[in-house]
file data28.cif (mmCIF, C-alpha atoms)
data_entry
#
loop_
_atom_site.label_atom_id
_atom_site.label_comp_id
_atom_site.auth_asym_id
_atom_site.auth_seq_id
_atom_site.Cartn_x
_atom_site.Cartn_y
_atom_site.Cartn_z
CA MET A 1 43.86 -3.53 -184.61
CA THR A 2 41.66 -6.39 -185.67
CA LEU A 3 37.90 -6.53 -185.62
CA ARG A 4 36.81 -9.83 -184.08
CA ILE A 5 33.16 -10.36 -184.84
CA PRO A 6 30.77 -13.32 -184.80
CA ARG A 7 29.72 -14.79 -188.14
CA SER A 8 26.06 -14.23 -187.27
CA MET A 9 26.58 -10.45 -187.11
CA VAL A 10 28.40 -10.35 -190.42
CA ASP A 11 25.57 -12.37 -191.93
CA GLU A 12 23.01 -9.95 -190.53
CA MET A 13 24.85 -6.92 -191.93
CA VAL A 14 24.92 -8.54 -195.36
CA GLU A 15 21.25 -9.49 -195.09
CA HIS A 16 20.37 -5.91 -194.12
CA ALA A 17 22.43 -4.53 -197.00
CA ARG A 18 20.80 -6.91 -199.48
CA ALA A 19 17.33 -6.06 -198.20
CA ASP A 20 17.85 -2.31 -198.70
CA HIS A 21 19.77 -2.60 -201.99
CA PRO A 22 20.01 -0.47 -204.15
CA ASP A 23 19.75 2.04 -201.30
CA GLU A 24 22.54 2.10 -198.77
CA ALA A 25 21.88 0.34 -195.48
CA CYS A 26 23.43 1.41 -192.16
CA GLY A 27 23.61 0.43 -188.53
CA VAL A 28 25.82 -0.15 -185.53
CA VAL A 29 27.05 -2.94 -183.34
CA ALA A 30 27.17 -1.92 -179.71
CA GLY A 31 29.28 -3.45 -176.98
CA PRO A 32 30.33 -2.76 -173.39
CA ALA A 33 32.14 0.60 -173.15
CA GLY A 34 35.86 0.16 -173.54
CA SER A 35 35.63 -3.55 -174.38
CA ASP A 36 36.01 -3.30 -178.17
CA ARG A 37 33.65 -6.30 -178.25
CA PRO A 38 30.73 -6.19 -180.73
CA GLU A 39 27.72 -7.73 -178.99
CA ARG A 40 24.45 -6.17 -180.09
CA LEU A 41 23.60 -5.29 -183.68
CA VAL A 42 21.13 -2.45 -184.21
CA ARG A 43 19.80 -1.74 -187.69
CA MET A 44 19.33 1.98 -188.27
CA LEU A 45 17.14 3.79 -190.76
CA ASN A 46 18.89 5.47 -193.64
CA ALA A 47 17.06 8.80 -193.44
CA GLU A 48 18.28 9.60 -196.96
CA ARG A 49 16.92 6.41 -198.55
CA SER A 50 19.53 6.86 -201.23
CA PRO A 51 21.82 4.64 -203.30
CA THR A 52 24.66 7.16 -202.87
CA PHE A 53 24.27 8.52 -199.35
CA TYR A 54 23.31 7.43 -195.87
CA ARG A 55 22.55 9.32 -192.72
CA PHE A 56 21.16 8.05 -189.44
CA ASP A 57 17.74 9.47 -188.69
CA SER A 58 18.57 12.07 -186.04
CA ALA A 59 15.74 11.22 -183.64
CA GLU A 60 16.47 7.48 -183.85
CA GLN A 61 20.14 8.21 -183.31
CA LEU A 62 19.44 10.21 -180.15
CA ARG A 63 17.34 7.37 -178.75
CA LEU A 64 20.11 4.88 -179.57
CA TYR A 65 22.87 6.93 -177.94
CA ARG A 66 20.82 7.48 -174.79
CA GLU A 67 20.16 3.76 -174.61
CA LEU A 68 23.87 3.02 -175.04
CA ASP A 69 24.68 5.48 -172.26
CA ALA A 70 22.10 3.93 -169.94
CA ARG A 71 23.52 0.45 -170.59
CA ASP A 72 27.15 1.58 -170.33
CA GLU A 73 27.69 0.58 -173.93
CA GLU A 74 29.31 2.33 -176.85
CA VAL A 75 29.38 2.07 -180.62
CA VAL A 76 31.95 -0.63 -181.45
CA VAL A 77 31.09 -0.92 -185.15
CA VAL A 78 29.46 1.50 -187.60
CA TYR A 79 28.46 -0.37 -190.74
CA HIS A 80 27.02 0.73 -194.05
CA SER A 81 26.76 -0.58 -197.55
CA HIS A 82 28.05 0.61 -200.88
CA THR A 83 25.73 -0.66 -203.54
CA ALA A 84 27.67 0.11 -206.73
CA THR A 85 31.30 0.36 -205.72
CA GLU A 86 33.85 -1.50 -203.63
CA ALA A 87 33.79 -1.75 -199.85
CA TYR A 88 36.25 1.09 -199.35
CA PRO A 89 35.51 4.37 -197.54
CA SER A 90 34.54 7.22 -199.83
CA ARG A 91 35.63 10.80 -199.30
CA THR A 92 32.21 11.45 -197.82
CA ASP A 93 32.60 8.54 -195.41
CA VAL A 94 35.94 9.91 -194.26
CA SER A 95 34.70 13.48 -193.87
CA TYR A 96 31.85 12.37 -191.62
CA ALA A 97 33.68 9.72 -189.60
CA GLY A 98 33.09 10.90 -186.03
CA GLU A 99 33.53 7.79 -183.92
CA PRO A 100 37.29 7.43 -183.38
CA GLN A 101 36.84 4.33 -181.22
CA ALA A 102 34.72 2.51 -183.81
CA HIS A 103 35.48 0.01 -186.52
CA TYR A 104 33.95 1.17 -189.78
CA VAL A 105 32.67 -1.86 -191.65
CA LEU A 106 31.73 -1.55 -195.30
CA VAL A 107 29.63 -4.09 -197.13
CA SER A 108 29.53 -3.94 -200.92
CA THR A 109 26.47 -5.40 -202.58
CA ARG A 110 27.48 -4.53 -206.14
CA ASP A 111 27.92 -8.24 -206.90
CA PRO A 112 24.57 -9.98 -206.38
CA ASP A 113 26.28 -13.31 -205.67
CA SER A 114 29.01 -12.43 -203.23
CA ALA A 115 29.25 -9.64 -200.68
CA GLU A 116 32.56 -7.91 -200.00
CA ILE A 117 33.09 -7.01 -196.32
CA ARG A 118 36.03 -4.98 -195.07
CA SER A 119 36.85 -3.11 -191.87
CA TYR A 120 38.65 0.19 -191.27
CA ARG A 121 39.65 2.70 -188.67
CA ILE A 122 38.99 6.27 -189.72
CA VAL A 123 40.69 8.76 -187.40
CA ASP A 124 41.49 12.41 -188.16
CA GLY A 125 40.80 11.87 -191.85
CA THR A 126 43.13 8.88 -192.16
CA VAL A 127 41.80 5.51 -193.31
CA THR A 128 43.53 2.36 -192.06
CA GLU A 129 42.24 -1.01 -193.19
CA GLU A 130 42.37 -3.69 -190.52
CA PRO A 131 41.96 -7.46 -190.47
CA LEU A 132 38.49 -8.87 -190.00
CA ASP A 133 38.50 -11.95 -187.81
CA ILE A 134 35.16 -13.68 -188.25
CA ILE A 135 34.38 -16.01 -185.35
CA PRO A 136 32.57 -19.19 -186.40
CA ALA A 137 29.11 -19.63 -184.91
CA ALA A 138 30.24 -22.38 -182.54
CA GLU A 139 32.66 -19.99 -180.83
CA GLY A 140 30.22 -17.10 -180.94
CA VAL A 141 29.90 -14.63 -178.12
CA ALA A 142 27.63 -15.94 -175.40
CA THR A 143 24.56 -13.83 -174.85
CA MET B 1 20.44 30.06 -167.79
CA SER B 2 22.59 27.07 -167.03
CA VAL B 3 22.37 23.95 -169.18
CA ALA B 4 24.08 20.58 -169.16
CA VAL B 5 25.89 19.75 -172.38
CA SER B 6 26.65 16.16 -173.32
CA VAL B 7 29.92 15.94 -175.28
CA PRO B 8 30.59 13.12 -177.79
CA THR B 9 33.73 10.98 -177.64
CA ILE B 10 35.37 12.75 -180.58
CA LEU B 11 35.18 16.16 -178.87
CA ARG B 12 36.17 15.06 -175.38
CA PRO B 13 39.86 15.78 -175.96
CA MET B 14 38.75 19.43 -176.09
CA THR B 15 36.84 19.25 -172.78
CA LYS B 16 39.67 17.61 -170.82
CA GLY B 17 37.92 14.27 -171.23
CA GLU B 18 34.66 15.45 -169.67
CA LYS B 19 31.54 13.73 -170.97
CA SER B 20 29.18 16.36 -169.61
CA VAL B 21 29.90 20.04 -169.05
CA THR B 22 27.78 23.02 -168.06
CA ALA B 23 27.33 26.21 -170.03
CA GLU B 24 25.34 29.42 -169.86
CA GLY B 25 23.11 31.07 -172.43
CA GLY B 26 19.58 31.85 -173.49
CA THR B 27 19.98 30.49 -177.01
CA LEU B 28 22.02 27.65 -178.46
CA ALA B 29 24.31 30.22 -180.10
CA GLU B 30 25.03 31.76 -176.69
CA VAL B 31 25.61 28.34 -175.15
CA ILE B 32 28.12 27.50 -177.89
CA SER B 33 29.84 30.85 -177.49
CA ASP B 34 30.11 30.24 -173.74
CA LEU B 35 31.48 26.73 -174.37
CA ASP B 36 34.06 28.11 -176.77
CA GLY B 37 35.18 30.56 -174.07
CA ARG B 38 35.75 27.67 -171.67
CA TYR B 39 37.12 25.18 -174.20
CA ALA B 40 38.99 27.05 -176.90
CA GLY B 41 38.26 25.80 -180.41
CA LEU B 42 35.13 23.87 -179.53
CA GLY B 43 32.92 26.45 -181.25
CA ASP B 44 34.65 25.87 -184.59
CA ARG B 45 33.79 22.17 -184.38
CA LEU B 46 30.09 22.97 -184.00
CA VAL B 47 29.48 26.04 -186.14
CA LYS B 48 30.70 26.92 -189.60
CA ASN B 49 29.91 30.16 -191.41
CA GLY B 50 27.26 31.02 -188.88
CA THR B 51 25.32 27.78 -189.15
CA LEU B 52 25.42 24.42 -187.47
CA HIS B 53 28.21 22.25 -188.88
CA ARG B 54 26.89 19.42 -191.03
CA PHE B 55 29.11 16.93 -189.20
CA VAL B 56 27.24 17.31 -185.90
CA ASN B 57 23.72 16.92 -184.60
CA ILE B 58 22.74 19.08 -181.65
CA TYR B 59 19.62 18.45 -179.61
CA VAL B 60 17.92 20.56 -176.96
CA ASN B 61 16.23 17.98 -174.77
CA ASP B 62 14.66 15.62 -177.35
CA GLU B 63 14.57 17.95 -180.34
CA ASP B 64 17.10 18.16 -183.16
CA VAL B 65 17.73 21.90 -183.35
CA ARG B 66 17.70 21.78 -187.15
CA PHE B 67 13.93 21.60 -186.74
CA THR B 68 13.58 24.18 -183.97
CA GLY B 69 15.42 27.26 -185.24
CA GLY B 70 19.02 26.10 -185.39
CA LEU B 71 21.44 28.27 -183.46
CA GLU B 72 18.61 30.58 -182.42
CA THR B 73 16.84 27.78 -180.57
CA ALA B 74 15.95 29.01 -177.07
CA VAL B 75 17.29 27.14 -174.08
CA SER B 76 16.00 27.29 -170.52
CA ASP B 77 17.57 26.69 -167.17
CA GLY B 78 18.06 22.96 -166.66
CA ASP B 79 17.77 22.00 -170.33
CA GLN B 80 19.87 19.15 -171.64
CA VAL B 81 21.92 19.93 -174.75
CA THR B 82 23.27 16.84 -176.50
CA ILE B 83 25.97 16.95 -179.17
CA LEU B 84 26.35 13.84 -181.36
CA PRO B 85 28.46 13.20 -184.43
CA ALA B 86 26.26 13.00 -187.53
CA VAL B 87 26.64 9.40 -188.66
CA ALA B 88 26.59 9.66 -192.42
CA GLY B 89 28.54 8.97 -195.57
CA GLY B 90 28.06 7.38 -198.90
CA ASP B 91 29.16 5.82 -202.07
CA SER B 92 30.90 8.55 -204.00
CA ARG B 93 33.23 7.42 -206.75
CA ALA B 94 36.01 9.57 -205.35
CA GLN B 95 37.83 7.03 -203.26
CA VAL B 96 40.36 8.10 -200.70
CA ALA B 97 43.59 6.29 -201.41
CA GLY B 98 47.11 7.23 -200.45
CA GLY B 99 46.33 10.87 -199.89
CA ASP B 100 44.74 11.23 -203.29
CA SER B 101 43.01 14.57 -203.13
CA ARG B 102 40.95 14.49 -206.32
CA ALA B 103 37.82 16.25 -205.28
CA GLN B 104 34.48 15.04 -206.52
CA VAL B 105 31.06 15.98 -205.41
CA ALA B 106 29.68 13.42 -202.99
CA GLY B 107 26.79 11.45 -204.33
CA GLY B 108 27.96 11.71 -207.91
CA SER B 109 28.56 8.05 -208.49
CA GLY B 110 25.76 7.75 -210.99
CA ALA B 111 24.87 4.44 -209.41
#
call {"tool": "encode", "arguments": {"input": "data28.cif", "output": "structure tokens"}}
result
Amino acid sequence: MTLRIPRSMVDEMVEHARADHPDEACGVVAGPAGSDRPERLVRMLNAERSPTFYRFDSAEQLRLYRELDARDEEVVVVYHSHTATEAYPSRTDVSYAGEPQAHYVLVSTRDPDSAEIRSYRIVDGTVTEEPLDIIPAAEGVAT
Amino acid sequence: MSVAVSVPTILRPMTKGEKSVTAEGGTLAEVISDLDGRYAGLGDRLVKNGTLHRFVNIYVNDEDVRFTGGLETAVSDGDQVTILPAVAGGDSRAQVAGGDSRAQVAGGSGA
């Protein structure tokens, strides 16, 4: 599997991660159900406001999932930042990973000058890194 | 009391692919017990040691049951029960690599 994603969305994830640094930032990119196409980035609150943990606010998450259902969308990407370590899933990330259809994107902001962005599948406790194909703005997904 | 239960993607293999199922019960605990009777093993994915599993969020209508009495939350005929995966994680130093099972407490990165 490869995650094909527009440059603008990657930039927004990094911007979100930088803005919340040193706390972890988190969010999703939704897309049409079954399409595996990331189309709509939604920043989520980190209810933990912590540099070592993130959790979607449960009320905000319920609203999001109902909206996705109503629009026949699903979570295509779950992203979050690591602010002191590399962009690789932690044991905690793996234990919580509950979206088998999603790409898990990690953004590391430990280096203030360059962000590290990597994508994974996490299914049944197994982490598989996958290529990240960043689509230049000119070829971006039409909206 | 019959309620509609919305099942998240990750648990649908246990409900024969169904996205919404019905269950009976006057409390969330009874609803889960009824679900487990219909879909063997589902209860273990929702409850651990008598409390709600930390990997799931369960809502009765719009309320996260963690704030309304947990498993003892009352349900009424026609209520909507929604199960979602808790979306969470974090930057522990214990990285998962090649089946490495060194256990460290999450959140102990000292960042």
call {"tool": "resolve_selection", "arguments": {"input": "data28.cif", "expression": "the PyMOL selection byres ((chain B and resi 30-40) around 10)", "output": "PyMOL selection string"}}
result
chain B and resi 1-5+13-16+21-29+41-47+71-75+81
call {"tool": "residues_around", "arguments": {"input": "data28.cif", "residues": "A:Val29", "least_positions_apart": "6", "cutoff": "10 Å", "atoms": "all atoms listed in the file", "output": "MDAnalysis selection string"}}
result
chainID A and resid 5 9 13 37:43 74:79 102:103
call {"tool": "atom_distance", "arguments": {"input": "data28.cif", "atom1": "atom CA of A:Ala59", "atom2": "atom CA of B:Thr68"}}
result
13.1 Å
call {"tool": "resolve_selection", "arguments": {"input": "data28.cif", "expression": "the PyMOL selection byres ((chain A) within 8 of (chain B))", "output": "VMD selection string"}}
result
chain A and resid 24 51 to 56 58 to 59 62 82 to 85 88 to 100 127
call {"tool": "atom_distance", "arguments": {"input": "data28.cif", "atom1": "atom CA of B:Ser6", "atom2": "atom CA of A:Arg121"}}
result
24.2 Å
call {"tool": "resolve_selection", "arguments": {"input": "data28.cif", "expression": "the PyMOL selection byres ((chain A and resi 113-119) around 9)", "output": "list in words"}}
result
Thr2, Leu3, Val10, Val14, Arg18, Tyr79, Glu86, Ala87, Tyr88, His103, Tyr104, Val105, Leu106, Val107, Ser108, Thr109, Arg110, Asp111, Pro112, Tyr120, Arg121, Thr128, Glu129, Glu130, Pro131 and Leu132 of chain A
call {"tool": "closest_residue", "arguments": {"input": "data28.cif", "among": "A:Met1, A:Val123, A:Ile135, A:Cys26", "to": "A:Ala47", "atoms": "all atoms listed in the file"}}
result
A:Cys26
call {"tool": "atom_distance", "arguments": {"input": "data28.cif", "atom1": "atom CA of A:Pro32", "atom2": "atom CA of A:Pro6"}}
result
15.6 Å
call {"tool": "axis_aligned_box", "arguments": {"input": "data28.cif", "around": "stretch 51-67 of chain B", "padding_each_side": "5 Å", "output": "lines of an AutoDock Vina configuration file"}}
result
center_x = 21.5
center_y = 21.7
center_z = -182.9
size_x = 25.2
size_y = 22.2
size_z = 26.3
